[in-house]
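Asks: So that you have it, the file is entry-v3.txt, and it contains compact mmCIF, C-alpha atoms:
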```txt
# COMPACT_ATOMS: atom_id res chain seq x y z
CA MET A 77 -1.51 14.55 6.36
CA ALA A 78 0.17 16.53 3.60
CA ASP A 79 -2.97 18.62 3.04
CA LEU A 80 -2.82 20.26 6.48
CA THR A 81 -2.14 23.99 6.32
CA GLU A 82 0.70 25.49 8.30
CA ARG A 83 -1.82 26.96 10.74
CA GLU A 84 -3.48 23.56 11.20
CA ARG A 85 -0.10 21.89 11.80
CA THR A 86 0.62 24.21 14.72
CA SER A 87 -2.78 23.74 16.38
CA ASN A 88 -3.44 21.58 19.43
CA PHE A 89 -5.92 19.26 17.77
CA VAL A 90 -5.04 15.60 17.24
CA PRO A 91 -4.44 15.77 13.44
CA ALA A 92 -1.79 18.46 14.01
CA VAL A 93 -0.17 16.41 16.77
CA ILE A 94 -0.11 13.40 14.44
CA ALA A 95 1.56 15.47 11.71
CA ARG A 96 4.25 16.68 14.11
CA TRP A 97 4.76 13.14 15.43
CA ILE A 98 5.30 11.89 11.87
CA GLU A 99 7.92 14.57 11.24
CA SER A 100 9.72 13.57 14.46
CA LYS A 101 9.84 9.92 13.37
CA ARG A 102 10.35 10.11 9.62
CA ALA A 103 14.16 9.83 9.74
CA GLU A 104 13.87 6.53 11.66
CA TRP A 105 11.58 4.84 9.14
CA GLY A 106 12.35 2.86 6.04
CA ALA A 107 10.35 3.51 2.88
CA LYS A 108 7.70 0.84 3.46
CA THR A 109 7.32 1.68 7.15
CA ALA A 110 6.76 5.33 6.26
CA VAL A 111 4.03 4.41 3.77
CA ASP A 112 2.29 2.13 6.30
CA GLN A 113 2.53 4.59 9.17
CA GLU A 114 1.30 7.55 7.16
CA ARG A 115 -1.64 5.55 5.77
CA ILE A 116 -2.76 4.66 9.29
CA ALA A 117 -2.06 8.17 10.57
CA THR A 118 -4.24 9.71 7.84
CA LYS A 119 -7.22 7.54 8.82
CA MET A 120 -6.59 8.27 12.50
CA ALA A 121 -6.40 12.02 11.91
CA SER A 122 -9.77 11.94 10.17
CA SER A 123 -11.38 10.06 13.06
CA PHE A 124 -9.94 12.38 15.73
CA ARG A 125 -10.22 15.68 13.85
CA GLU A 126 -12.52 17.21 16.47
CA PHE A 127 -10.46 16.08 19.48
CA GLN A 128 -7.67 17.64 21.47
CA PRO A 129 -5.30 15.09 23.07
CA ALA A 130 -6.63 15.68 26.60
CA GLN A 131 -10.10 14.68 25.37
CA VAL A 132 -8.95 11.27 24.14
CA THR A 133 -9.97 8.83 26.86
CA THR A 134 -9.88 5.05 27.06
CA PRO A 135 -13.53 4.70 25.90
CA VAL A 136 -12.81 7.00 22.94
CA CYS A 137 -9.76 4.87 21.99
CA ALA A 138 -11.75 1.66 22.40
CA GLN A 139 -14.51 2.97 20.13
CA TYR A 140 -11.96 3.87 17.45
CA LEU A 141 -10.23 0.46 17.62
CA LYS A 142 -13.53 -1.44 17.58
CA GLN A 143 -13.68 -1.18 13.78
CA PHE A 144 -10.53 -3.34 13.55
CA ALA A 145 -11.72 -6.08 15.93
CA ALA A 146 -11.83 -8.72 13.19
CA THR A 147 -8.27 -8.02 12.00
CA PRO A 148 -5.83 -8.40 14.93
CA ARG A 149 -2.73 -7.15 13.11
CA THR A 150 -4.48 -4.01 11.91
CA HIS A 151 -5.94 -3.47 15.39
CA ASN A 152 -2.49 -3.72 16.96
CA MET A 153 -0.90 -1.39 14.41
CA HIS A 154 -3.51 1.30 15.03
CA ARG A 155 -3.25 0.76 18.79
CA SER A 156 0.54 1.15 18.66
CA ILE A 157 0.47 4.35 16.61
CA LEU A 158 -2.30 5.91 18.70
CA ARG A 159 -0.31 5.13 21.84
CA GLN A 160 2.79 6.79 20.39
CA VAL A 161 0.85 9.86 19.27
CA LEU A 162 -0.70 10.32 22.72
CA ALA A 163 2.71 9.88 24.36
CA PHE A 164 4.09 12.51 21.97
CA ALA A 165 1.21 14.82 22.96
CA ALA A 166 2.18 14.38 26.62
CA LEU A 167 5.74 15.44 25.78
CA GLU A 168 4.30 18.54 24.13
CA GLY A 169 2.39 19.28 27.33
CA LEU A 170 -1.01 18.70 25.71
CA ARG A 171 -2.17 15.97 28.09
CA GLU A 172 -1.27 14.60 31.52
CA GLY A 173 -1.49 11.32 33.36
CA TYR A 174 -1.38 7.74 32.10
CA ASN A 175 -1.74 6.80 28.46
CA PRO A 176 -5.39 5.75 27.90
CA ILE A 177 -4.33 3.10 25.39
CA ASP A 178 -2.63 1.13 28.18
CA ASN A 179 -6.03 -0.09 29.35
CA ILE A 180 -6.66 -1.75 25.96
CA GLN A 181 -4.95 -5.07 25.36
CA THR A 182 -3.25 -6.00 22.12
CA LYS A 183 -4.93 -8.79 20.17
CA ARG A 184 -3.22 -12.10 19.67
CA THR A 185 -2.10 -12.51 16.07
CA PRO A 186 -1.89 -16.01 14.58
CA GLY A 187 1.24 -16.67 12.55
CA ARG A 188 0.79 -16.78 8.79
CA ARG A 189 1.18 -20.35 7.52
CA ARG A 190 0.91 -19.74 3.79
CA LEU A 191 4.00 -21.03 1.98
CA VAL A 192 4.63 -20.23 -1.66
CA THR A 193 5.32 -23.41 -3.67
CA ASP A 194 7.87 -24.03 -6.44
CA ASP A 195 5.04 -24.31 -8.99
CA GLU A 196 3.60 -20.97 -7.87
CA ILE A 197 7.02 -19.33 -8.13
CA GLU A 198 7.43 -20.55 -11.71
CA SER A 199 3.90 -19.45 -12.61
CA LEU A 200 4.57 -16.01 -11.14
CA LYS A 201 7.73 -15.63 -13.18
CA VAL A 202 5.93 -16.60 -16.39
CA ALA A 203 3.15 -14.13 -15.58
CA ALA A 204 5.68 -11.40 -14.79
CA LEU A 205 7.43 -11.83 -18.12
CA GLN A 206 4.08 -11.50 -19.91
CA ALA A 207 3.94 -7.92 -18.70
CA THR A 208 4.83 -5.25 -21.24
CA ARG A 209 7.04 -3.36 -18.78
CA ASN A 210 9.40 -4.27 -15.97
CA GLY A 211 8.67 -8.01 -15.99
CA GLU A 212 12.33 -8.98 -15.79
CA ALA A 213 12.86 -6.74 -12.75
CA LEU A 214 9.98 -8.47 -10.94
CA VAL A 215 11.53 -11.87 -11.69
CA GLN A 216 14.88 -10.63 -10.35
CA MET A 217 13.16 -9.31 -7.21
CA ILE A 218 11.52 -12.69 -6.63
CA ASP A 219 14.85 -14.49 -7.00
CA LEU A 220 16.71 -12.04 -4.75
CA ALA A 221 14.04 -12.32 -2.05
CA LEU A 222 13.98 -16.13 -2.16
CA ILE A 223 17.76 -16.46 -2.11
CA THR A 224 18.56 -13.82 0.51
CA GLY A 225 15.49 -13.96 2.75
CA GLN A 226 15.43 -10.18 3.11
CA ARG A 227 12.41 -7.92 3.36
CA ILE A 228 11.12 -6.53 0.08
CA SER A 229 11.85 -2.97 1.17
CA ASP A 230 15.51 -3.96 1.69
CA VAL A 231 15.72 -5.89 -1.58
CA ILE A 232 14.58 -2.92 -3.67
CA ALA A 233 16.91 -0.61 -1.72
CA TRP A 234 20.07 -2.55 -2.70
CA GLN A 235 22.62 -0.54 -4.65
CA TRP A 236 25.71 -1.64 -6.54
CA GLU A 237 27.87 -0.20 -3.80
CA ASP A 238 26.43 -2.96 -1.55
CA VAL A 239 27.90 -5.61 -3.86
CA HIS A 240 31.33 -6.64 -2.57
CA GLU A 241 33.92 -9.27 -3.35
CA ASP A 242 32.81 -11.43 -0.43
CA GLY A 243 29.07 -11.04 -0.86
CA LEU A 244 26.07 -8.76 -0.68
CA ARG A 245 25.83 -6.39 2.27
CA VAL A 246 22.55 -5.24 3.78
CA THR A 247 21.55 -3.04 6.67
CA GLN A 248 17.99 -4.04 7.40
CA GLY A 249 15.69 -1.03 7.33
CA LYS A 250 13.40 -2.30 10.07
CA THR A 251 15.92 -3.52 12.65
CA LYS A 252 19.17 -1.87 11.43
CA GLU A 253 20.75 -5.35 11.64
CA ARG A 254 23.85 -5.56 9.44
CA LEU A 255 24.37 -8.72 7.39
CA LEU A 256 26.83 -10.02 4.82
CA ILE A 257 25.16 -12.56 2.58
CA GLU A 258 28.00 -14.62 1.15
CA TRP A 259 28.10 -15.49 -2.51
CA THR A 260 26.51 -18.63 -3.88
CA ARG A 261 26.17 -19.44 -7.56
CA PRO A 262 22.42 -18.63 -7.62
CA LEU A 263 22.97 -15.31 -5.81
CA ARG A 264 25.82 -14.26 -8.09
CA ARG A 265 23.77 -15.25 -11.14
CA VAL A 266 20.75 -13.12 -10.23
CA VAL A 267 22.89 -10.14 -9.23
CA GLU A 268 24.69 -10.28 -12.58
CA ALA A 269 21.30 -10.50 -14.32
CA CYS A 270 20.39 -7.18 -12.73
CA ALA A 271 23.28 -5.56 -14.64
CA GLU A 272 22.38 -6.85 -18.11
CA GLY A 273 22.16 -3.95 -20.54
CA ARG A 274 23.03 -1.26 -17.98
CA GLU A 275 25.87 0.16 -15.93
CA LYS A 276 26.57 -1.17 -12.44
CA GLU A 277 25.60 2.02 -10.68
CA GLY A 278 22.69 3.11 -8.54
CA HIS A 279 20.09 0.51 -7.58
CA LEU A 280 20.25 -3.16 -8.55
CA LEU A 281 16.55 -3.22 -9.42
CA LYS A 282 15.35 -0.47 -11.74
CA THR A 283 12.32 0.24 -13.85
CA GLN A 284 12.66 0.40 -17.64
CA SER A 285 12.91 4.14 -17.16
CA GLY A 286 16.05 3.61 -15.08
CA LEU A 287 14.43 4.71 -11.83
CA PRO A 288 14.61 2.80 -8.53
CA TYR A 289 11.52 0.91 -7.49
CA ARG A 290 9.23 2.18 -4.78
CA TYR A 291 7.57 -0.38 -2.55
CA ALA A 292 4.09 0.49 -3.85
CA GLY A 293 5.27 -0.02 -7.44
CA ILE A 294 6.84 -3.44 -6.93
CA ARG A 295 3.87 -4.58 -4.84
CA SER A 296 1.44 -3.52 -7.60
CA ALA A 297 3.48 -5.50 -10.14
CA TRP A 298 3.34 -8.51 -7.77
CA VAL A 299 -0.45 -8.26 -7.40
CA ARG A 300 -0.90 -8.10 -11.18
CA ALA A 301 1.36 -11.12 -11.67
CA CYS A 302 -0.62 -13.10 -9.07
CA GLU A 303 -3.86 -12.22 -10.88
CA ARG A 304 -2.47 -13.28 -14.27
CA ALA A 305 -1.17 -16.53 -12.76
CA GLY A 306 -4.48 -17.24 -11.01
CA ILE A 307 -2.81 -17.42 -7.58
CA GLU A 308 -4.84 -16.39 -4.55
CA ASP A 309 -3.93 -15.41 -0.98
CA LEU A 310 -0.25 -14.91 -1.72
CA ASN A 311 1.46 -11.97 -0.08
CA ILE A 312 4.69 -10.51 -1.43
CA HIS A 313 6.17 -11.05 2.06
CA ASP A 314 5.58 -14.80 1.73
CA LEU A 315 8.82 -14.90 -0.29
CA ARG A 316 10.74 -14.14 2.91
CA GLY A 317 8.80 -16.86 4.72
CA ARG A 318 9.73 -19.40 2.04
CA ALA A 319 13.40 -18.38 2.23
CA GLY A 320 13.31 -18.84 6.00
CA VAL A 321 11.79 -22.31 5.72
CA ASP A 322 14.30 -23.36 3.04
CA LYS A 323 17.17 -22.27 5.28
CA LEU A 324 15.57 -23.98 8.30
CA GLN A 325 15.41 -27.29 6.45
CA ARG A 326 19.02 -27.01 5.27
CA ASP A 327 20.78 -25.50 8.28
CA GLY A 328 18.35 -25.58 11.21
CA LEU A 329 16.92 -22.77 13.31
CA GLU A 330 20.26 -21.07 13.88
CA GLY A 331 20.85 -20.84 10.14
CA ALA A 332 17.36 -19.44 9.53
CA LYS A 333 17.85 -16.92 12.33
CA ASP A 334 21.11 -15.66 10.81
CA LEU A 335 19.69 -15.33 7.30
CA LEU A 336 16.53 -13.53 8.40
CA GLY A 337 18.48 -11.20 10.68
CA HIS A 338 16.45 -12.08 13.78
CA ARG A 339 17.95 -11.27 17.15
CA SER A 340 16.59 -14.34 18.92
CA ILE A 341 15.80 -17.97 18.16
CA LYS A 342 12.35 -17.44 19.66
CA MET A 343 11.57 -14.83 17.01
CA THR A 344 12.63 -17.24 14.26
CA GLU A 345 10.60 -20.08 15.78
CA HIS A 346 7.50 -17.88 15.73
CA TYR A 347 8.21 -16.76 12.17
CA VAL A 348 8.56 -20.24 10.65
CA ASP A 349 6.03 -21.99 12.91
CA GLY A 350 3.48 -23.90 10.86
CA LYS A 351 5.01 -22.95 7.52
CA SER A 352 6.65 -26.31 6.88
CA GLU A 353 5.66 -29.94 7.33
CA ARG A 354 6.95 -32.03 10.21
CA ARG A 355 8.39 -35.29 8.96
CA VAL A 356 7.29 -38.34 10.92
CA LYS A 357 7.60 -42.09 10.45
CA SER A 358 4.53 -44.24 10.01
CA GLY A 359 3.21 -46.19 12.98
CA ARG A 360 3.66 -49.68 11.53
CA ARG A 361 6.87 -51.01 10.00
CA ARG A 362 5.47 -54.29 8.61
```
Just give me the structure as structure tokens.

Replies:
Amino acid sequence: MADLTERERTSNFVPAVIARWIESKRAEWGAKTAVDQERIATKMASSFREFQPAQVTTPVCAQYLKQFAATPRTHNMHRSILRQVLAFAALEGLREGYNPIDNIQTKRTPGRRRLVTDDEIESLKVAALQATRNGEALVQMIDLALITGQRISDVIAWQWEDVHEDGLRVTQGKTKERLLIEWTRPLRRVVEACAEGREKEGHLLKTQSGLPYRYAGIRSAWVRACERAGIEDLNIHDLRGRAGVDKLQRDGLEGAKDLLGHRSIKMTEHYVDGKSERRVKSGRRR
């Protein structure tokens, strides 16, 4: 979207509307959300470059979304953004009537059941430390994510001013939920490790150049570590899932809900569903 000229940005074609919608939303987004939204918006702008908003009908939307039929989450993300863009166009007076996306149902998304194991965590840390740059920071990120259960975008956003006598404070970028994660020995140990060889100022996690991590950078380091460790189908967000399951097994659903920052038990149930084993007794006792 950045390559649109000023004249193109003020036109009434869909790419220009998308660019203006992004500018209206940017202040509400965290770093990762902004990256995801702009990536989708760029693809959408290319597909709708010849359309004005009033020309975007339900069949046109359905044809665009058809390419994502095999990936429900991607389908729903594109559907959601297209709906918001068309609603924004209506506010600008560029279309009237109902939103054509409303005739297209969201796709049901199965919960992810992949759970990172202790052996995989250790292998990842070994692989991270084999890197020539920033390996220790990746290990610290893994530990912080596993201990706190926070989203990666929030973990890399932590600054030393968030470290307090009673614990580590976080305002979740996605939900704006405010949490105080109380000190435990493992948490204090990994936070102190972040300060080794540097001043306690700025971000907890920094590159060797002293710069804060961007989501794309830490994710790339994660992917490389997974490749070196020979681990497949492991998403960086699976660390949060493992933290939620660990808390569930120790303190039940309510404890997992509090750590993850969910607003309802139902949300937590959906998040941890299928990620852990159910313990049952055998059928015969003798």

Asks: Counting all atoms listed in the file, find residues at most 12 Å from (21.0, 1.9, -10.1) (file frame) and give them as a list of chain:residue names.

Replies: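 Those residues lying close to the given coordinates are A:Ile232, A:Ala233, A:Trp234, A:Gln235, A:Trp236, A:Glu237, A:Asp238, A:Val239, A:Cys270, A:Ala271, A:Glu272, A:Arg274, A:Glu275, A:Lys276, A:Glu277, A:Gly278, A:His279, A:Leu280, A:Leu281, A:Lys282, A:Thr283, A:Gln284, A:Ser285, A:Gly286, A:Leu287, A:Pro288, A:Tyr289.
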
Asks: Could you pull the residues within 12 Å of Asn179 in chain A, counting all atoms listed in the file, minus those fewer than 6 positions along the same chain, as a list in words?

Replies: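 These residues fall inside the cut-off: Thr133, Thr134, Pro135, Val136, Cys137, Ala138, Arg155 and Arg159 of chain A.
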
Asks: Restricting the calculation to only C-alpha atoms: of A:Ala301, A:Ile98, A:Ala204, A:Leu315, which residue gets closest to Lys351 in chain A?

Replies: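 Of all the options, A:Leu315 lies closest to Lys351 in chain A.
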
Asks: Can you tell me how far CA of Asp242 in chain A sits from CA of Leu324 in chain A, in Å to one decimal?

Replies: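 Spanning CA of Asp242 in chain A to CA of Leu324 in chain A is a straight-line distance of 23.0 Å.
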
Asks: How far is it from CA of Glu303 in chain A to CA of Glu196 in chain A, in Å with one decimal?

Replies: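 For CA of Glu303 in chain A relative to CA of Glu196 in chain A, the distance reads 11.9 Å.
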
Asks: Quick one: of A:Phe144, A:Tyr174, A:Phe164, A:Trp298, who's nearest to Ala207 in chain A, counting all atoms listed in the file?

Replies: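 Once distances to Ala207 in chain A are computed over all atoms listed in the file, the minimum belongs to A:Trp298.
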
Asks: At a cut-off of 9 Å from (9.2, 4.5, 0.8) in the coordinates of the file, what residues are picked up using all atoms listed in the file, written as a PyMOL selection string?

Replies: chain A and resi 105-111+229+290-292

Asks: From the list A:Leu335, A:Ile294, A:Met120, A:Leu244, which residue is nearest Arg318 in chain A when using all atoms listed in the file?

Replies: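 Result for the nearest residue to Arg318 in chain A: A:Leu335.
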